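Q: My structure file run_31.txt, compact mmCIF, C-alpha atoms, is below:
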```txt
# COMPACT_ATOMS: atom_id res chain seq x y z
CA MET A 156 -10.44 -14.25 1.14
CA PRO A 157 -6.82 -13.64 0.22
CA ASP A 158 -5.90 -12.03 -3.09
CA TRP A 159 -4.84 -15.54 -4.23
CA LEU A 160 -4.58 -18.91 -2.52
CA PRO A 161 -1.32 -20.87 -2.35
CA ASP A 162 -1.37 -24.52 -3.40
CA THR A 163 -0.63 -25.62 0.17
CA PRO A 164 -2.55 -24.05 3.08
CA PHE A 165 -0.52 -22.21 5.71
CA ASP A 166 0.25 -24.06 8.93
CA ARG A 167 0.55 -20.89 11.01
CA PRO A 168 -1.61 -17.84 11.74
CA PRO A 169 -1.25 -14.83 9.45
CA VAL A 170 1.39 -12.20 10.14
CA GLU A 171 -0.14 -8.93 11.35
CA ALA A 172 1.00 -5.93 9.31
CA ALA A 173 -0.05 -2.34 8.68
CA VAL A 174 0.40 0.14 5.84
CA LEU A 175 -0.03 3.89 5.80
CA ILE A 176 -2.30 5.39 3.19
CA GLY A 177 -0.91 8.88 3.64
CA LEU A 178 -3.09 11.70 2.34
CA VAL A 179 -0.40 14.32 1.84
CA GLN A 180 -1.72 17.86 2.14
CA ARG A 181 0.09 20.18 -0.26
CA PRO A 182 -0.74 23.87 -0.81
CA ASP A 183 -2.46 23.18 -4.14
CA ALA A 184 -3.83 19.62 -3.75
CA ILE A 185 -3.91 16.36 -1.82
CA SER A 186 -1.89 13.35 -2.96
CA ILE A 187 -1.26 9.80 -1.74
CA LEU A 188 2.22 8.72 -0.65
CA TYR A 189 3.88 5.68 -2.26
CA THR A 190 7.34 4.13 -2.19
CA GLU A 191 9.34 2.21 -4.73
CA ARG A 192 10.94 -0.61 -2.78
CA SER A 193 14.68 -1.09 -2.92
CA PRO A 194 15.91 -3.62 -5.51
CA GLU A 195 18.11 -5.08 -2.75
CA LEU A 196 15.17 -6.39 -0.68
CA ARG A 197 14.48 -10.15 -0.48
CA SER A 198 10.77 -9.88 -1.18
CA HIS A 199 8.80 -7.57 -3.46
CA SER A 200 11.99 -5.77 -4.48
CA GLY A 201 11.43 -2.88 -6.87
CA GLN A 202 7.66 -2.95 -6.44
CA ILE A 203 5.49 0.02 -5.52
CA ALA A 204 4.16 -0.05 -1.96
CA PHE A 205 2.66 2.01 0.79
CA PRO A 206 5.00 2.59 3.73
CA GLY A 207 4.39 -0.23 6.17
CA GLY A 208 5.37 -3.59 7.54
CA LYS A 209 4.91 -6.08 10.35
CA LEU A 210 3.54 -5.03 13.70
CA ASP A 211 6.26 -5.04 16.33
CA PRO A 212 5.58 -6.08 19.94
CA THR A 213 6.33 -2.47 20.95
CA ASP A 214 3.63 -1.03 18.65
CA ALA A 215 0.49 0.02 20.52
CA ASP A 216 -1.67 -0.88 17.52
CA ALA A 217 -1.77 -0.98 13.71
CA ALA A 218 -1.84 2.83 13.48
CA ALA A 219 1.34 3.09 15.56
CA ALA A 220 3.01 0.45 13.38
CA ALA A 221 2.07 2.19 10.12
CA VAL A 222 3.33 5.57 11.33
CA ARG A 223 6.54 4.01 12.74
CA GLU A 224 7.21 2.24 9.44
CA ALA A 225 6.61 5.48 7.49
CA ASN A 226 9.12 7.20 9.76
CA GLU A 227 11.69 4.43 9.19
CA GLU A 228 11.13 4.19 5.42
CA VAL A 229 10.64 7.81 4.31
CA GLY A 230 11.45 9.98 7.34
CA LEU A 231 7.85 10.96 8.08
CA ASP A 232 7.78 12.83 11.39
CA PRO A 233 5.08 11.02 13.43
CA SER A 234 3.75 14.37 14.67
CA GLU A 235 2.93 15.25 11.05
CA ALA A 236 0.52 12.32 10.58
CA ARG A 237 -3.03 12.37 11.98
CA VAL A 238 -4.81 9.01 11.72
CA ILE A 239 -8.36 9.52 10.48
CA GLY A 240 -9.50 5.95 9.85
CA PHE A 241 -8.93 2.43 8.68
CA LEU A 242 -9.91 0.34 5.67
CA PRO A 243 -11.06 -3.26 6.13
CA ARG A 244 -8.16 -5.60 6.80
CA TYR A 245 -6.67 -7.30 3.73
CA TYR A 246 -5.51 -10.92 3.78
CA THR A 247 -2.78 -11.76 1.28
CA GLY A 248 -1.88 -15.05 -0.36
CA THR A 249 1.49 -14.77 1.37
CA ASN A 250 -0.23 -15.03 4.78
CA TYR A 251 -0.15 -11.39 5.86
CA LEU A 252 -3.16 -9.71 7.42
CA ILE A 253 -2.75 -6.03 6.57
CA THR A 254 -4.53 -3.18 8.32
CA PRO A 255 -4.62 -0.14 6.00
CA VAL A 256 -4.32 3.00 8.13
CA VAL A 257 -5.51 6.28 6.58
CA ALA A 258 -3.83 9.46 7.83
CA LEU A 259 -3.70 13.12 6.93
CA VAL A 260 -0.05 14.04 6.47
CA THR A 261 1.22 17.61 6.64
CA PRO A 262 4.96 17.32 5.97
CA SER A 263 7.22 20.19 6.98
CA GLY A 264 9.99 18.97 4.67
CA PRO A 265 10.68 16.48 1.91
CA PHE A 266 10.32 12.74 2.36
CA VAL A 267 13.73 11.07 2.40
CA PRO A 268 13.93 7.41 1.38
CA ASN A 269 15.84 5.02 3.63
CA PRO A 270 18.11 3.43 0.97
CA SER A 271 18.13 0.04 2.68
CA GLU A 272 14.36 -0.22 2.17
CA VAL A 273 13.22 2.36 -0.37
CA ARG A 274 14.58 3.37 -3.78
CA SER A 275 12.28 6.37 -4.21
CA VAL A 276 9.30 8.16 -2.71
CA PHE A 277 6.55 9.70 -4.82
CA GLU A 278 3.01 10.98 -4.59
CA VAL A 279 0.02 10.46 -6.86
CA PRO A 280 -2.56 13.27 -6.96
CA LEU A 281 -5.81 12.30 -5.29
CA ASP A 282 -7.82 13.68 -8.21
CA TYR A 283 -6.01 11.21 -10.51
CA LEU A 284 -6.88 8.30 -8.20
CA MET A 285 -10.52 9.41 -8.02
CA ARG A 286 -11.04 8.68 -11.73
CA SER A 287 -11.97 5.06 -12.46
CA GLU A 288 -10.51 5.27 -15.97
CA ASN A 289 -7.00 5.46 -14.45
CA TYR A 290 -7.34 1.86 -13.20
CA GLY A 291 -6.65 -1.15 -15.39
CA THR A 292 -6.19 -4.88 -15.05
CA TYR A 293 -2.79 -6.45 -14.42
CA ARG A 294 -2.43 -10.12 -15.30
CA ILE A 295 0.05 -12.41 -13.61
CA SER A 296 0.68 -16.12 -14.03
CA ARG A 297 1.38 -18.13 -10.90
CA ASN A 298 1.89 -21.90 -11.01
CA GLY A 299 0.30 -22.08 -14.44
CA LYS A 300 -2.84 -20.15 -13.43
CA GLU A 301 -3.66 -16.63 -14.50
CA HIS A 302 -4.63 -14.15 -11.80
CA THR A 303 -5.69 -10.55 -12.16
CA THR A 304 -5.21 -7.53 -9.97
CA TRP A 305 -5.74 -3.81 -10.33
CA GLN A 306 -3.02 -1.70 -11.89
CA ILE A 307 -2.50 2.05 -11.88
CA PRO A 308 0.07 3.52 -14.28
CA HIS A 309 1.55 6.81 -13.11
CA GLY A 310 4.70 8.74 -13.92
CA GLY A 311 6.36 5.84 -15.74
CA LEU A 312 5.77 3.46 -12.82
CA MET A 313 3.18 0.70 -12.48
CA ILE A 314 1.32 0.30 -9.21
CA TRP A 315 -0.12 -3.23 -9.10
CA GLY A 316 -0.87 -6.12 -6.74
CA ILE A 317 -1.70 -5.48 -3.11
CA THR A 318 -0.90 -1.76 -3.30
CA ALA A 319 -3.16 -1.21 -6.31
CA ASN A 320 -5.88 -3.37 -4.72
CA LEU A 321 -5.75 -1.31 -1.52
CA THR A 322 -5.74 1.93 -3.54
CA ARG A 323 -8.82 0.75 -5.44
CA ARG A 324 -10.51 -0.26 -2.19
CA PHE A 325 -9.80 3.25 -0.87
CA HIS A 326 -11.24 4.64 -4.12
CA ASP A 327 -14.40 2.54 -3.78
CA LEU A 328 -15.00 3.07 -0.06
CA ALA A 329 -13.73 6.57 0.60
CA LEU A 330 -13.55 8.47 -2.67
CA VAL A 331 -16.67 7.16 -4.38
CA GLY A 332 -18.54 6.18 -1.23
CA GLU A 333 -19.65 2.76 -2.40
CA VAL A 334 -18.10 -0.54 -3.40
CA ALA A 335 -17.75 -0.73 -7.18
```
The structure given in the file should be rewritten as structure tokens.

A:
Amino acid sequence: MPDWLPDTPFDRPPVEAAVLIGLVQRPDAISILYTERSPELRSHSGQIAFPGGKLDPTDADAAAAAVREANEEVGLDPSEARVIGFLPRYYTGTNYLITPVVALVTPSGPFVPNPSEVRSVFEVPLDYLMRSENYGTYRISRNGKEHTTWQIPHGGLMIWGITANLTRRFHDLALVGEVA
């Protein structure tokens, strides 16, 4: 099921996409990589996201697409990402079928946002995301109906929607070991 259903069903198959849930290995801890999307983008401008996007015909698979997108968006050297698994695919109400790709990332330098796509790059400590009390409920009204999604406040930013839902799914499946 998608995160919400549009009033009119789609007349085309979903768009295949992939995101990178990058587990960034730092000397003192592990964190997860996020981006703040550029305010200039047509869709989801200014929102928090994982690096990612549509699968291109040249991508070997979803993992290749997620790593390619992370390279384009934040300058992640593909040799510094080791894919370790996948979360279940996530179907959105905007007709995207997202494959979340989990990778260990050992960056040799800073992440550098591509200004045409990304305003800023930041990391959230894994130990913060492991605690259920750091998750709340975000309410949004769409066509007169109220919908809810997960939200994660961190560092003055609000992670919500698909990105928060995928983060919570990672929490439930990988960090806690069971679906909550």

Q: Rounded to one decimal, what separation in Å do you get between atom CA of Ile253 of chain A and atom CA of Asp214 of chain A?

A: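 So the two atoms, atom CA of Ile253 of chain A and atom CA of Asp214 of chain A, lie 14.5 Å apart.
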
Q: For a quick check of understanding, using only C-alpha atoms, which of A:Val170, A:Leu259, A:Leu281, A:Ile307 has the smallest distance to Ser234 of chain A?

A: A:Leu259

Q: Looking at A:Val267, A:Ala184, A:Ile239, A:Val279, which one is nearest to Gly310 of chain A, with distances taken over only C-alpha atoms?

A: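 Looking only at the distances to Gly310 of chain A, the closest residue turns out to be A:Val279.
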
Q: What does the distance between atom CA of Gly207 of chain A and atom CA of Arg323 of chain A come to in Å, to one decimal place?

A: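 Answer for the atom CA of Gly207 of chain A to atom CA of Arg323 of chain A separation: 17.6 Å.
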
Q: Please provide the set of residues having any atom within 9 Å of Ile317 of chain A, restricted to only C-alpha atoms, with same-chain residues fewer than 4 positions apart removed, written as a ChimeraX atom specification.

A: /A:158,204,245,247,304-305,321-322

Q: For atom CA of Gln306 of chain A and atom CA of Ser287 of chain A, determine how far apart the two atoms are, in Å to one decimal place.

A: 11.2 Å

Q: Between A:Val222, A:Ala215, A:Val276, A:Ile203, single out the one closest to Val174 of chain A, counting only C-alpha atoms.

A: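 That would be A:Val222, the residue with the smallest distance to Val174 of chain A.
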
Q: Which residues of segment 245-273 of chain A sit at most 10 Å from segment 216-221 of chain A, using only C-alpha atoms? Give each one's shortest atom pair and distance in Å (one decimal place), in chain and ascending residue order, as a Markdown table.

A:
```
| residue | atom | partner | partner_atom | distance |
| --- | --- | --- | --- | --- |
| A:Ile253 | CA | A:Ala217 | CA | 8.8 |
| A:Thr254 | CA | A:Ala217 | CA | 6.4 |
| A:Pro255 | CA | A:Ala221 | CA | 8.2 |
| A:Val256 | CA | A:Ala218 | CA | 5.9 |
| A:Val257 | CA | A:Ala218 | CA | 8.5 |
| A:Ala258 | CA | A:Ala218 | CA | 8.9 |
```

Q: How about saving the chosen residues, C-alpha atoms kept, as an mmCIF file, keeping the file's coordinate frame?

A:
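Okay, again11.cif is ready:
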```
data_model
loop_
_atom_site.group_PDB
_atom_site.id
_atom_site.type_symbol
_atom_site.label_atom_id
_atom_site.label_comp_id
_atom_site.auth_asym_id
_atom_site.auth_seq_id
_atom_site.Cartn_x
_atom_site.Cartn_y
_atom_site.Cartn_z
ATOM 1 C CA ILE A 253 -2.750 -6.030 6.570
ATOM 2 C CA THR A 254 -4.530 -3.180 8.320
ATOM 3 C CA PRO A 255 -4.620 -0.140 6.000
ATOM 4 C CA VAL A 256 -4.320 3.000 8.130
ATOM 5 C CA VAL A 257 -5.510 6.280 6.580
ATOM 6 C CA ALA A 258 -3.830 9.460 7.830
#
```

Q: Which is closer to Thr163 of chain A than all the others in A:Tyr290, A:Thr249, A:Arg223, A:His326, using only C-alpha atoms?

A: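 With only C-alpha atoms as the atom set, the closest residue is A:Thr249.
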
Q: Reconstruct N, CA and C atoms of segment 282-311 of chain A from the incomplete input and present them as a JSON list (two decimals), in the coordinates of the input.

A:
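Resulting contents of out.json:
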```
[["chain", "number", "residue", "atom", "x", "y", "z"],
["A", 282, "ASP", "N", -6.85, 13.55, -7.13],
["A", 282, "ASP", "CA", -7.82, 13.68, -8.21],
["A", 282, "ASP", "C", -7.58, 12.67, -9.32],
["A", 283, "TYR", "N", -6.33, 12.26, -9.53],
["A", 283, "TYR", "CA", -6.01, 11.21, -10.51],
["A", 283, "TYR", "C", -6.57, 9.87, -10.03],
["A", 284, "LEU", "N", -6.41, 9.58, -8.76],
["A", 284, "LEU", "CA", -6.88, 8.30, -8.20],
["A", 284, "LEU", "C", -8.40, 8.24, -8.07],
["A", 285, "MET", "N", -9.06, 9.38, -8.12],
["A", 285, "MET", "CA", -10.52, 9.41, -8.02],
["A", 285, "MET", "C", -11.19, 8.97, -9.33],
["A", 286, "ARG", "N", -10.45, 9.00, -10.42],
["A", 286, "ARG", "CA", -11.04, 8.68, -11.73],
["A", 286, "ARG", "C", -10.86, 7.20, -12.05],
["A", 287, "SER", "N", -11.97, 6.51, -12.20],
["A", 287, "SER", "CA", -11.97, 5.06, -12.46],
["A", 287, "SER", "C", -11.20, 4.70, -13.73],
["A", 288, "GLU", "N", -11.19, 5.59, -14.72],
["A", 288, "GLU", "CA", -10.51, 5.27, -15.97],
["A", 288, "GLU", "C", -8.99, 5.16, -15.81],
["A", 289, "ASN", "N", -8.44, 5.58, -14.69],
["A", 289, "ASN", "CA", -7.00, 5.46, -14.45],
["A", 289, "ASN", "C", -6.61, 4.10, -13.86],
["A", 290, "TYR", "N", -7.58, 3.20, -13.70],
["A", 290, "TYR", "CA", -7.34, 1.86, -13.20],
["A", 290, "TYR", "C", -7.48, 0.87, -14.34],
["A", 291, "GLY", "N", -6.58, -0.09, -14.38],
["A", 291, "GLY", "CA", -6.65, -1.15, -15.39],
["A", 291, "GLY", "C", -6.49, -2.50, -14.72],
["A", 292, "THR", "N", -6.35, -3.52, -15.55],
["A", 292, "THR", "CA", -6.19, -4.88, -15.05],
["A", 292, "THR", "C", -4.79, -5.37, -15.34],
["A", 293, "TYR", "N", -4.13, -5.87, -14.31],
["A", 293, "TYR", "CA", -2.79, -6.45, -14.42],
["A", 293, "TYR", "C", -2.95, -7.96, -14.35],
["A", 294, "ARG", "N", -2.34, -8.66, -15.29],
["A", 294, "ARG", "CA", -2.43, -10.12, -15.30],
["A", 294, "ARG", "C", -1.09, -10.71, -14.90],
["A", 295, "ILE", "N", -1.16, -11.73, -14.07],
["A", 295, "ILE", "CA", 0.05, -12.41, -13.61],
["A", 295, "ILE", "C", -0.21, -13.91, -13.62],
["A", 296, "SER", "N", 0.80, -14.66, -14.01],
["A", 296, "SER", "CA", 0.68, -16.12, -14.03],
["A", 296, "SER", "C", 1.44, -16.68, -12.84],
["A", 297, "ARG", "N", 0.77, -17.53, -12.08],
["A", 297, "ARG", "CA", 1.38, -18.13, -10.90],
["A", 297, "ARG", "C", 1.04, -19.62, -10.91],
["A", 298, "ASN", "N", 2.07, -20.44, -10.97],
["A", 298, "ASN", "CA", 1.89, -21.90, -11.01],
["A", 298, "ASN", "C", 0.94, -22.33, -12.12],
["A", 299, "GLY", "N", 1.09, -21.70, -13.28],
["A", 299, "GLY", "CA", 0.30, -22.08, -14.44],
["A", 299, "GLY", "C", -1.12, -21.54, -14.46],
["A", 300, "LYS", "N", -1.50, -20.74, -13.48],
["A", 300, "LYS", "CA", -2.84, -20.15, -13.43],
["A", 300, "LYS", "C", -2.72, -18.65, -13.58],
["A", 301, "GLU", "N", -3.66, -18.08, -14.34],
["A", 301, "GLU", "CA", -3.66, -16.63, -14.50],
["A", 301, "GLU", "C", -4.50, -15.99, -13.41],
["A", 302, "HIS", "N", -3.94, -14.94, -12.82],
["A", 302, "HIS", "CA", -4.63, -14.15, -11.80],
["A", 302, "HIS", "C", -4.66, -12.71, -12.29],
["A", 303, "THR", "N", -5.63, -11.96, -11.81],
["A", 303, "THR", "CA", -5.69, -10.55, -12.16],
["A", 303, "THR", "C", -5.70, -9.71, -10.89],
["A", 304, "THR", "N", -5.24, -8.49, -11.06],
["A", 304, "THR", "CA", -5.21, -7.53, -9.97],
["A", 304, "THR", "C", -5.40, -6.15, -10.61],
["A", 305, "TRP", "N", -5.67, -5.16, -9.81],
["A", 305, "TRP", "CA", -5.74, -3.81, -10.33],
["A", 305, "TRP", "C", -4.35, -3.33, -10.68],
["A", 306, "GLN", "N", -4.27, -2.38, -11.59],
["A", 306, "GLN", "CA", -3.02, -1.70, -11.89],
["A", 306, "GLN", "C", -3.33, -0.23, -12.11],
["A", 307, "ILE", "N", -2.36, 0.60, -11.74],
["A", 307, "ILE", "CA", -2.50, 2.05, -11.88],
["A", 307, "ILE", "C", -1.18, 2.57, -12.45],
["A", 308, "PRO", "N", -1.15, 2.93, -13.73],
["A", 308, "PRO", "CA", 0.07, 3.52, -14.28],
["A", 308, "PRO", "C", 0.17, 4.99, -13.86],
["A", 309, "HIS", "N", 1.36, 5.39, -13.46],
["A", 309, "HIS", "CA", 1.55, 6.81, -13.11],
["A", 309, "HIS", "C", 3.03, 7.16, -13.16],
["A", 310, "GLY", "N", 3.33, 8.21, -13.88],
["A", 310, "GLY", "CA", 4.70, 8.74, -13.92],
["A", 310, "GLY", "C", 5.74, 7.73, -14.35],
["A", 311, "GLY", "N", 5.41, 6.84, -15.27],
["A", 311, "GLY", "CA", 6.36, 5.84, -15.74],
["A", 311, "GLY", "C", 6.48, 4.63, -14.83]]
```
